[in-house]
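So the structure is just underneath, and the comments pick up after that.
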Amino acid sequence: MLRVRCLRGGSRGAEAAHYIGSRLRGAFTGWVQRTFQSTQAAAASQNTCAADDKAASPVPKDCLVCSYNEWDPLEEVIVGRAENACVPPFSVEVKANTYEKYWGFYQKFGGQGFPKDHLKKAIAEIEEMCNILKGEGVIVKRPDPIDWSVKYKTPDFESTGMYGAMPRDILLVVGNEIIEAPMAWRARFFEYRAYRRLIKDYFNSGAKWTTAPKPTMADELYDQNYPIHSVEDRHKLAAQGKFVTTEFEPCFDAADFIRAGRDIFVQRSQVTNYMGIEWMRRHLAPDYRVHIISFKDPNPMHIDATFNIIGPGLVLSNPDRPCHQIELFKKAGWTVIQPPVPLIPDDHPLWMSSKWLSMNVLMLDEKRVMVDANETSIQKMFEKLGISTVKVNIRHANSLGGGFHCWTCDIRRRGTLQSYFD
C-alpha cells in the first residue's frame, strides 16, 4: 500500500515545528512530530492509516449528498454565481496571493465591483455552463445572490466581501458530509452565507453538516511583513516553507484538498496551514487518510490547477509545478499526465489566477470532461485518452479566479467508497 507523506526538507519542517512549539508551548508536540516526521518513519506508523480495513458509515438511502472522488458519474452539482462580485481589499494575504502587475488594480478597486462589462460576460458564460450541465443530465443548484460590497467588522478586523463564485473553495464533500471550510482571506469570512440555504436542504435530506473552526483572522494569523517583490522572492519563500499564513490558528480553503476515495491529498499553501490540515486529518480519521503533498510552486493556493485527479489511477500534473512526491504515485501504478501549455493570451486579465486554469476541468464521469472551448490542445489530449470533451467557453469567468472545477462543487456522484492505493 502506498503511504503518501510530505517529503519536506529539514529547514522547512524544523522551522514549522519550532514555530508551533514556541507558540503553543509544547501543547501539540506529539502532533508536530507526526506531521513533520520523515517518509520512512511515517510508513512505519499505523496511527494515520488505521482505516485500511475499516468500512465507513453507509450513506443514508435517501440522502442527496454522496461523493467520494472527482470522477464518478456526476448527478448533482452546485455552480457558483458571479453576480455582485467585488474586488477584495488589498490586505497582506491578498497581496501574497496575487501578482505584482495587478496590485494597482486591487489598490484602486478594493471593496468595489469588478468591471461591469467583464462581469456581465462572466455571468452569461456561467449561465450557459449551467444549461450545458443540465443538458448532460446533471442537477444544478446555485447559491444565493448577496451584496458583497457591504462592509463588516469583527473584534479583529474589518473588510468587505468578495463573491459566491467558487463553491469548491469553501465546500468539501466527503461521502455524505458537507464540510464548510474556515477560509483564510478576510474578504471571504462570510462567504458561507451564500450557501446556507442549500446546505440546510441537504442536511434535511440526511447529509452530515460540519463547519470547521472559524478563525478569528486576527493579525497574528498573517505574516505582516511577508517579503514578496518578485516571482523569485515567491520561489525562494515557498522553497523555505514560508507562507503568509502562520500557525496561529487553523485555516484552510477546501480547494487545497482533492479526493481519491479513502485517500485525500492536500497541500500546505498560502491559505491552508498545518493546523488546518491536522484538523481535517483528525476529523476524517479513521475512515479517510489525509496526505500532504507539495510542489515546486512560487505561489501555492488551491491544488486543482496544479494536481488534478481525473480518474482512478489517473492524474494531471502541472509541468511548471512538479510534485515532489510524484514517484510515489508512479510506483503505485498511477498514470501521470502533463497537460499541454495553456493557450489563453497574455493580455487576458487573470486577476486572481494563472493560465493553468486550462487543467482545472470538471469530470462528468470517467469518459466525459467539461473543458474550456478555447483550449484546443488539452481537448486533443483528452481525446487521445479516450475521454470525450464537453466544450464550454468561460474565459471571462476565468478572470475571477477559477476554472470548471473551481466554479463547481459536486454534491452527488454515483459510486461507492473505495481505496485506490491498496
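By convention here, the chains of the C-alpha cells are called A, B, ... in the order presented, each chain's residues are numbered starting at 1, and ligands are numbered starting at 1 in the order presented.
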If you run DSSP on the backbone here, which positions in region 62-219 of chain A get strand (DSSP E or B)? Please write them as an mmCIF file with N, CA and C atoms, in the first residue's frame.
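Contents of the output file result-v3.cif:
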```cif
data_model
loop_
_atom_site.group_PDB
_atom_site.id
_atom_site.type_symbol
_atom_site.label_atom_id
_atom_site.label_comp_id
_atom_site.auth_asym_id
_atom_site.auth_seq_id
_atom_site.Cartn_x
_atom_site.Cartn_y
_atom_site.Cartn_z
ATOM 1 N N CYS A 66 -23.638 12.556 -1.738
ATOM 2 C CA CYS A 66 -22.782 11.370 -1.739
ATOM 3 C C CYS A 66 -21.733 11.519 -2.826
ATOM 4 N N SER A 67 -20.498 11.768 -2.428
ATOM 5 C CA SER A 67 -19.423 11.916 -3.405
ATOM 6 C C SER A 67 -18.099 11.551 -2.740
ATOM 7 N N ASN A 69 -15.062 10.927 -4.841
ATOM 8 C CA ASN A 69 -13.899 11.209 -5.676
ATOM 9 C C ASN A 69 -14.256 12.257 -6.719
ATOM 10 N N LEU A 74 -21.392 12.178 -12.403
ATOM 11 C CA LEU A 74 -21.908 13.350 -11.697
ATOM 12 C C LEU A 74 -23.423 13.435 -11.855
ATOM 13 N N GLU A 75 -24.124 13.576 -10.726
ATOM 14 C CA GLU A 75 -25.578 13.653 -10.740
ATOM 15 C C GLU A 75 -26.109 14.998 -10.255
ATOM 16 N N GLU A 76 -25.424 15.625 -9.309
ATOM 17 C CA GLU A 76 -25.884 16.919 -8.804
ATOM 18 C C GLU A 76 -24.674 17.772 -8.434
ATOM 19 N N VAL A 77 -24.772 19.075 -8.721
ATOM 20 C CA VAL A 77 -23.631 19.964 -8.532
ATOM 21 C C VAL A 77 -24.112 21.354 -8.135
ATOM 22 N N ILE A 78 -23.308 22.033 -7.336
ATOM 23 C CA ILE A 78 -23.518 23.462 -7.064
ATOM 24 C C ILE A 78 -22.609 24.232 -8.005
ATOM 25 N N VAL A 79 -23.177 25.228 -8.682
ATOM 26 C CA VAL A 79 -22.406 26.108 -9.559
ATOM 27 C C VAL A 79 -22.469 27.519 -8.985
ATOM 28 N N ARG A 81 -21.928 31.772 -8.400
ATOM 29 C CA ARG A 81 -22.502 32.973 -9.024
ATOM 30 C C ARG A 81 -21.450 34.074 -9.113
ATOM 31 N N CYS A 86 -17.100 41.329 -5.905
ATOM 32 C CA CYS A 86 -16.333 42.518 -5.532
ATOM 33 C C CYS A 86 -14.838 42.218 -5.466
ATOM 34 N N GLY A 113 -17.028 46.704 -7.118
ATOM 35 C CA GLY A 113 -17.321 45.612 -8.021
ATOM 36 C C GLY A 113 -16.251 45.447 -9.086
ATOM 37 N N ILE A 139 -28.181 17.671 -12.255
ATOM 38 C CA ILE A 139 -28.993 18.627 -11.495
ATOM 39 C C ILE A 139 -28.085 19.759 -11.031
ATOM 40 N N VAL A 140 -28.478 21.002 -11.277
ATOM 41 C CA VAL A 140 -27.662 22.165 -10.948
ATOM 42 C C VAL A 140 -28.339 23.001 -9.876
ATOM 43 N N LYS A 141 -27.614 23.300 -8.829
ATOM 44 C CA LYS A 141 -28.099 24.182 -7.772
ATOM 45 C C LYS A 141 -27.185 25.416 -7.718
ATOM 46 N N TYR A 152 -18.191 44.957 6.789
ATOM 47 C CA TYR A 152 -18.458 44.288 8.056
ATOM 48 C C TYR A 152 -17.238 44.409 8.958
ATOM 49 N N LYS A 153 -17.469 44.194 10.234
ATOM 50 C CA LYS A 153 -16.397 44.363 11.214
ATOM 51 C C LYS A 153 -16.533 43.318 12.302
ATOM 52 N N GLU A 158 -11.783 44.444 9.835
ATOM 53 C CA GLU A 158 -12.935 44.871 9.057
ATOM 54 C C GLU A 158 -12.627 44.702 7.578
ATOM 55 N N SER A 159 -13.673 44.475 6.788
ATOM 56 C CA SER A 159 -13.475 44.193 5.380
ATOM 57 C C SER A 159 -14.794 44.330 4.641
ATOM 58 N N GLY A 164 -19.629 34.733 -4.291
ATOM 59 C CA GLY A 164 -20.051 33.354 -4.074
ATOM 60 C C GLY A 164 -19.820 32.573 -5.348
ATOM 61 N N LEU A 171 -16.499 24.618 0.098
ATOM 62 C CA LEU A 171 -17.229 23.403 0.438
ATOM 63 C C LEU A 171 -16.459 22.167 -0.009
ATOM 64 N N LEU A 172 -16.359 21.191 0.878
ATOM 65 C CA LEU A 172 -15.745 19.907 0.559
ATOM 66 C C LEU A 172 -16.729 18.806 0.917
ATOM 67 N N VAL A 173 -17.090 18.008 -0.073
ATOM 68 C CA VAL A 173 -17.998 16.885 0.160
ATOM 69 C C VAL A 173 -17.176 15.614 0.288
ATOM 70 N N VAL A 174 -17.341 14.934 1.406
ATOM 71 C CA VAL A 174 -16.653 13.664 1.659
ATOM 72 C C VAL A 174 -17.721 12.656 2.054
ATOM 73 N N GLY A 175 -18.062 11.757 1.142
ATOM 74 C CA GLY A 175 -19.153 10.835 1.399
ATOM 75 C C GLY A 175 -20.464 11.588 1.464
ATOM 76 N N GLU A 177 -21.051 13.859 3.824
ATOM 77 C CA GLU A 177 -20.779 15.004 4.683
ATOM 78 C C GLU A 177 -20.362 16.221 3.865
ATOM 79 N N ILE A 178 -20.956 17.365 4.183
ATOM 80 C CA ILE A 178 -20.531 18.640 3.621
ATOM 81 C C ILE A 178 -19.731 19.371 4.690
ATOM 82 N N ILE A 179 -18.488 19.698 4.355
ATOM 83 C CA ILE A 179 -17.617 20.417 5.288
ATOM 84 C C ILE A 179 -17.452 21.840 4.793
ATOM 85 N N GLU A 180 -17.811 22.811 5.642
ATOM 86 C CA GLU A 180 -17.584 24.222 5.336
ATOM 87 C C GLU A 180 -16.169 24.590 5.773
ATOM 88 N N LYS A 208 -24.632 14.878 6.525
ATOM 89 C CA LYS A 208 -23.906 15.439 7.654
ATOM 90 C C LYS A 208 -23.459 16.849 7.272
ATOM 91 N N TRP A 209 -23.394 17.712 8.264
ATOM 92 C CA TRP A 209 -23.025 19.108 8.013
ATOM 93 C C TRP A 209 -22.026 19.521 9.085
ATOM 94 N N THR A 210 -20.825 19.825 8.659
ATOM 95 C CA THR A 210 -19.761 20.205 9.578
ATOM 96 C C THR A 210 -19.198 21.554 9.177
ATOM 97 N N THR A 211 -19.060 22.433 10.155
ATOM 98 C CA THR A 211 -18.382 23.706 9.937
ATOM 99 C C THR A 211 -17.065 23.666 10.696
#
```
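The list of residues with at least one atom within 10 Å of Glu327 (chain A), based on only C-alpha atoms and without residues fewer than 6 positions apart in the same chain, reads A:Gly333, A:Trp334, A:Val336.
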Determine, for each residue of region 116-188 of chain A having at least one atom at most 7 Å from an atom of region 386-405 of chain A, the closest pair of atoms and their separation in Å to one decimal, counting only C-alpha atoms; order by chain and ascending number, as JSON lines.
```
{"residue": "A:His118", "atom": "CA", "partner": "A:His396", "partner_atom": "CA", "distance": 6.5}
{"residue": "A:Lys121", "atom": "CA", "partner": "A:His396", "partner_atom": "CA", "distance": 6.3}
{"residue": "A:Ala122", "atom": "CA", "partner": "A:Ala397", "partner_atom": "CA", "distance": 4.4}
{"residue": "A:Glu125", "atom": "CA", "partner": "A:Ile394", "partner_atom": "CA", "distance": 5.4}
{"residue": "A:Ile126", "atom": "CA", "partner": "A:Ile394", "partner_atom": "CA", "distance": 6.9}
{"residue": "A:Met129", "atom": "CA", "partner": "A:Val392", "partner_atom": "CA", "distance": 6.4}
{"residue": "A:Arg168", "atom": "CA", "partner": "A:His405", "partner_atom": "CA", "distance": 7.0}
```
Could you please take those selected residues and save C-alpha atoms as an mmCIF file, in the first residue's frame?
```cif
data_model
loop_
_atom_site.group_PDB
_atom_site.id
_atom_site.type_symbol
_atom_site.label_atom_id
_atom_site.label_comp_id
_atom_site.auth_asym_id
_atom_site.auth_seq_id
_atom_site.Cartn_x
_atom_site.Cartn_y
_atom_site.Cartn_z
ATOM 1 C CA HIS A 118 -16.404 41.886 -17.870
ATOM 2 C CA LYS A 121 -19.879 38.384 -19.778
ATOM 3 C CA ALA A 122 -18.766 36.088 -16.949
ATOM 4 C CA GLU A 125 -20.827 32.234 -19.539
ATOM 5 C CA ILE A 126 -21.723 30.564 -16.244
ATOM 6 C CA MET A 129 -22.358 26.348 -18.420
ATOM 7 C CA ARG A 168 -15.032 24.438 -4.474
#
```
Quick one: residues within 9 Å of Asp144 (chain A), only C-alpha atoms, excluding same-chain residues fewer than 5 positions away - as a list in words?
Arg81, Gly164, Arg193, Ala194, Tyr195, Arg196, Arg197 and Leu198 of chain A
What's the separation between CA of Phe157 (chain A) and CA of Ala218 (chain A), in Å to one decimal place?
6.7 Å
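When only C-alpha atoms are used to compute distances to Gly261 (chain A), the closest of the residues A:Arg413, A:Lys214, A:Lys330, A:Arg321 turns out to be A:Arg413.
Scanning region 249-342 of chain A with DSSP on the backbone, the helix (DSSP H, G or I) assignments fall on A:Ala254, A:Ala255, A:Asp256, A:Tyr274, A:Met275, A:Gly276, A:Ile277, A:Glu278, A:Trp279, A:Met280, A:Arg281, A:Arg282, A:His283, A:Leu284, A:Ile303, A:Asp304, A:Ala305, A:Ile326, A:Glu327, A:Leu328, A:Phe329, A:Lys330, A:Lys331.
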Kindly give the distance, in Å, that separates CA of Pro215 (chain A) and CA of Met301 (chain A), rounded to a single decimal.
18.0 Å
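For the set A:Ile292, A:Cys251, A:Gly110, A:Pro73, the residue with the smallest atom-to-atom gap to Glu366 (chain A) is A:Pro73, counting only C-alpha atoms.
In this structure, CA of Val369 (chain A) sits 17.0 Å away from CA of Ala260 (chain A).
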Could you name the residues that touch Met359 (chain A) at 12 Å or less, counting only C-alpha atoms, but leaving out those on the same chain fewer than 5 positions away, as an MDAnalysis selection string?
chainID A and resid 303:310 315:319 337:344 354 369:372 375:379 381:382 398 402:406
Using 8 Å as the limit and counting only C-alpha atoms, can you tabulate each residue of region 216-300 of chain A that touches region 95-108 of chain A, with its shortest atom-to-atom distance in Å and the two atoms involved, as a tab-separated table?
```
residue	atom	partner	partner_atom	distance
A:Tyr226	CA	A:Ala96	CA	7.5
A:Ile228	CA	A:Ala96	CA	7.0
A:His229	CA	A:Glu100	CA	7.5
A:Ser230	CA	A:Glu100	CA	7.4
A:Val244	CA	A:Ala96	CA	6.5
A:Gln270	CA	A:Asn97	CA	7.0
A:Asn299	CA	A:Asn97	CA	6.6
```
Produce a file of the selected residues containing N, CA, C and O atoms, as a PDB file, in the first residue's frame.
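Contents of selection.pdb, as written:
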```
ATOM      1  N   TYR A 226       5.478  39.792   5.242  1.00  0.00           N
ATOM      2  CA  TYR A 226       5.787  38.782   4.237  1.00  0.00           C
ATOM      3  C   TYR A 226       6.482  39.437   3.047  1.00  0.00           C
ATOM      4  O   TYR A 226       5.886  40.257   2.341  1.00  0.00           O
ATOM      5  N   ILE A 228       7.481  39.866  -0.303  1.00  0.00           N
ATOM      6  CA  ILE A 228       7.395  39.486  -1.707  1.00  0.00           C
ATOM      7  C   ILE A 228       7.529  40.714  -2.600  1.00  0.00           C
ATOM      8  O   ILE A 228       6.831  41.697  -2.438  1.00  0.00           O
ATOM      9  N   HIS A 229       8.441  40.632  -3.546  1.00  0.00           N
ATOM     10  CA  HIS A 229       8.642  41.713  -4.503  1.00  0.00           C
ATOM     11  C   HIS A 229       8.733  41.187  -5.928  1.00  0.00           C
ATOM     12  O   HIS A 229       8.609  41.967  -6.871  1.00  0.00           O
ATOM     13  N   SER A 230       8.928  39.866  -6.075  1.00  0.00           N
ATOM     14  CA  SER A 230       9.108  39.310  -7.411  1.00  0.00           C
ATOM     15  C   SER A 230       8.772  37.827  -7.392  1.00  0.00           C
ATOM     16  O   SER A 230       8.589  37.220  -6.329  1.00  0.00           O
ATOM     17  N   VAL A 244       2.323  33.269   3.866  1.00  0.00           N
ATOM     18  CA  VAL A 244       1.773  34.453   4.510  1.00  0.00           C
ATOM     19  C   VAL A 244       0.927  34.088   5.725  1.00  0.00           C
ATOM     20  O   VAL A 244       0.826  34.851   6.679  1.00  0.00           O
ATOM     21  N   GLN A 270      -0.655  29.146   0.774  1.00  0.00           N
ATOM     22  CA  GLN A 270      -0.834  30.475   1.348  1.00  0.00           C
ATOM     23  C   GLN A 270      -2.119  30.582   2.158  1.00  0.00           C
ATOM     24  O   GLN A 270      -2.235  31.450   3.030  1.00  0.00           O
ATOM     25  N   ASN A 299       3.714  30.154  -5.650  1.00  0.00           N
ATOM     26  CA  ASN A 299       2.551  30.769  -5.005  1.00  0.00           C
ATOM     27  C   ASN A 299       1.452  29.733  -4.797  1.00  0.00           C
ATOM     28  O   ASN A 299       0.387  29.821  -5.401  1.00  0.00           O
TER      29      ASN A 299
END
```
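In terms of minimum interatomic distance to Tyr202 (chain A), A:Cys63 ranks closest within A:Arg368, A:Cys63, A:Cys409, A:Ser358, counting only C-alpha atoms.
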Considering only C-alpha atoms, give me a table of residues in region 252-343 of chain A that are at most 12 Å from region 181-191 of chain A, with the closest atom pair and distance in Å for each, as a Markdown table.
```
| residue | atom | partner | partner_atom | distance |
| --- | --- | --- | --- | --- |
| A:Phe252 | CA | A:Met183 | CA | 5.2 |
| A:Asp253 | CA | A:Met183 | CA | 4.9 |
| A:Ala254 | CA | A:Ala181 | CA | 5.5 |
| A:Ala255 | CA | A:Ala181 | CA | 9.1 |
| A:Asp256 | CA | A:Ala181 | CA | 10.3 |
| A:Phe257 | CA | A:Ala181 | CA | 10.6 |
| A:Ser269 | CA | A:Ala184 | CA | 10.5 |
| A:Gln270 | CA | A:Ala184 | CA | 8.4 |
| A:Val271 | CA | A:Ala184 | CA | 5.2 |
| A:Thr272 | CA | A:Ala184 | CA | 7.3 |
| A:Asn273 | CA | A:Ala184 | CA | 9.3 |
| A:Met275 | CA | A:Pro182 | CA | 11.9 |
| A:Gly276 | CA | A:Pro182 | CA | 8.8 |
| A:Ile277 | CA | A:Ala181 | CA | 11.1 |
| A:Trp279 | CA | A:Ala181 | CA | 11.0 |
| A:Met280 | CA | A:Ala181 | CA | 9.9 |
| A:Met301 | CA | A:Ala184 | CA | 10.7 |
| A:His302 | CA | A:Met183 | CA | 11.5 |
```
May I have the selected residues written with C-alpha atoms, as a CSV table (one decimal), in the first residue's frame?
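Result file selection-v3.csv:
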```
chain,number,residue,atom,x,y,z
A,252,PHE,CA,-7.8,26.2,5.1
A,253,ASP,CA,-9.6,26.5,1.9
A,254,ALA,CA,-11.4,23.4,0.7
A,255,ALA,CA,-9.8,23.8,-2.8
A,256,ASP,CA,-6.4,22.7,-1.3
A,257,PHE,CA,-7.8,19.2,-0.9
A,269,SER,CA,-0.4,26.8,0.9
A,270,GLN,CA,-0.8,30.5,1.3
A,271,VAL,CA,-4.4,29.8,2.6
A,272,THR,CA,-4.1,26.4,4.2
A,273,ASN,CA,-1.8,25.9,7.2
A,275,MET,CA,-3.1,23.3,11.9
A,276,GLY,CA,-5.9,23.3,9.3
A,277,ILE,CA,-4.6,20.1,7.7
A,279,TRP,CA,-7.9,19.4,12.0
A,280,MET,CA,-9.1,17.7,8.8
A,301,MET,CA,-3.0,28.3,-3.4
A,302,HIS,CA,-5.6,25.7,-4.3
```
Pick out the closest residue to Lys296 (chain A) from this set: A:Ile264, A:Thr245, A:Arg282, A:Gln240. Count only C-alpha atoms.
A:Gln240
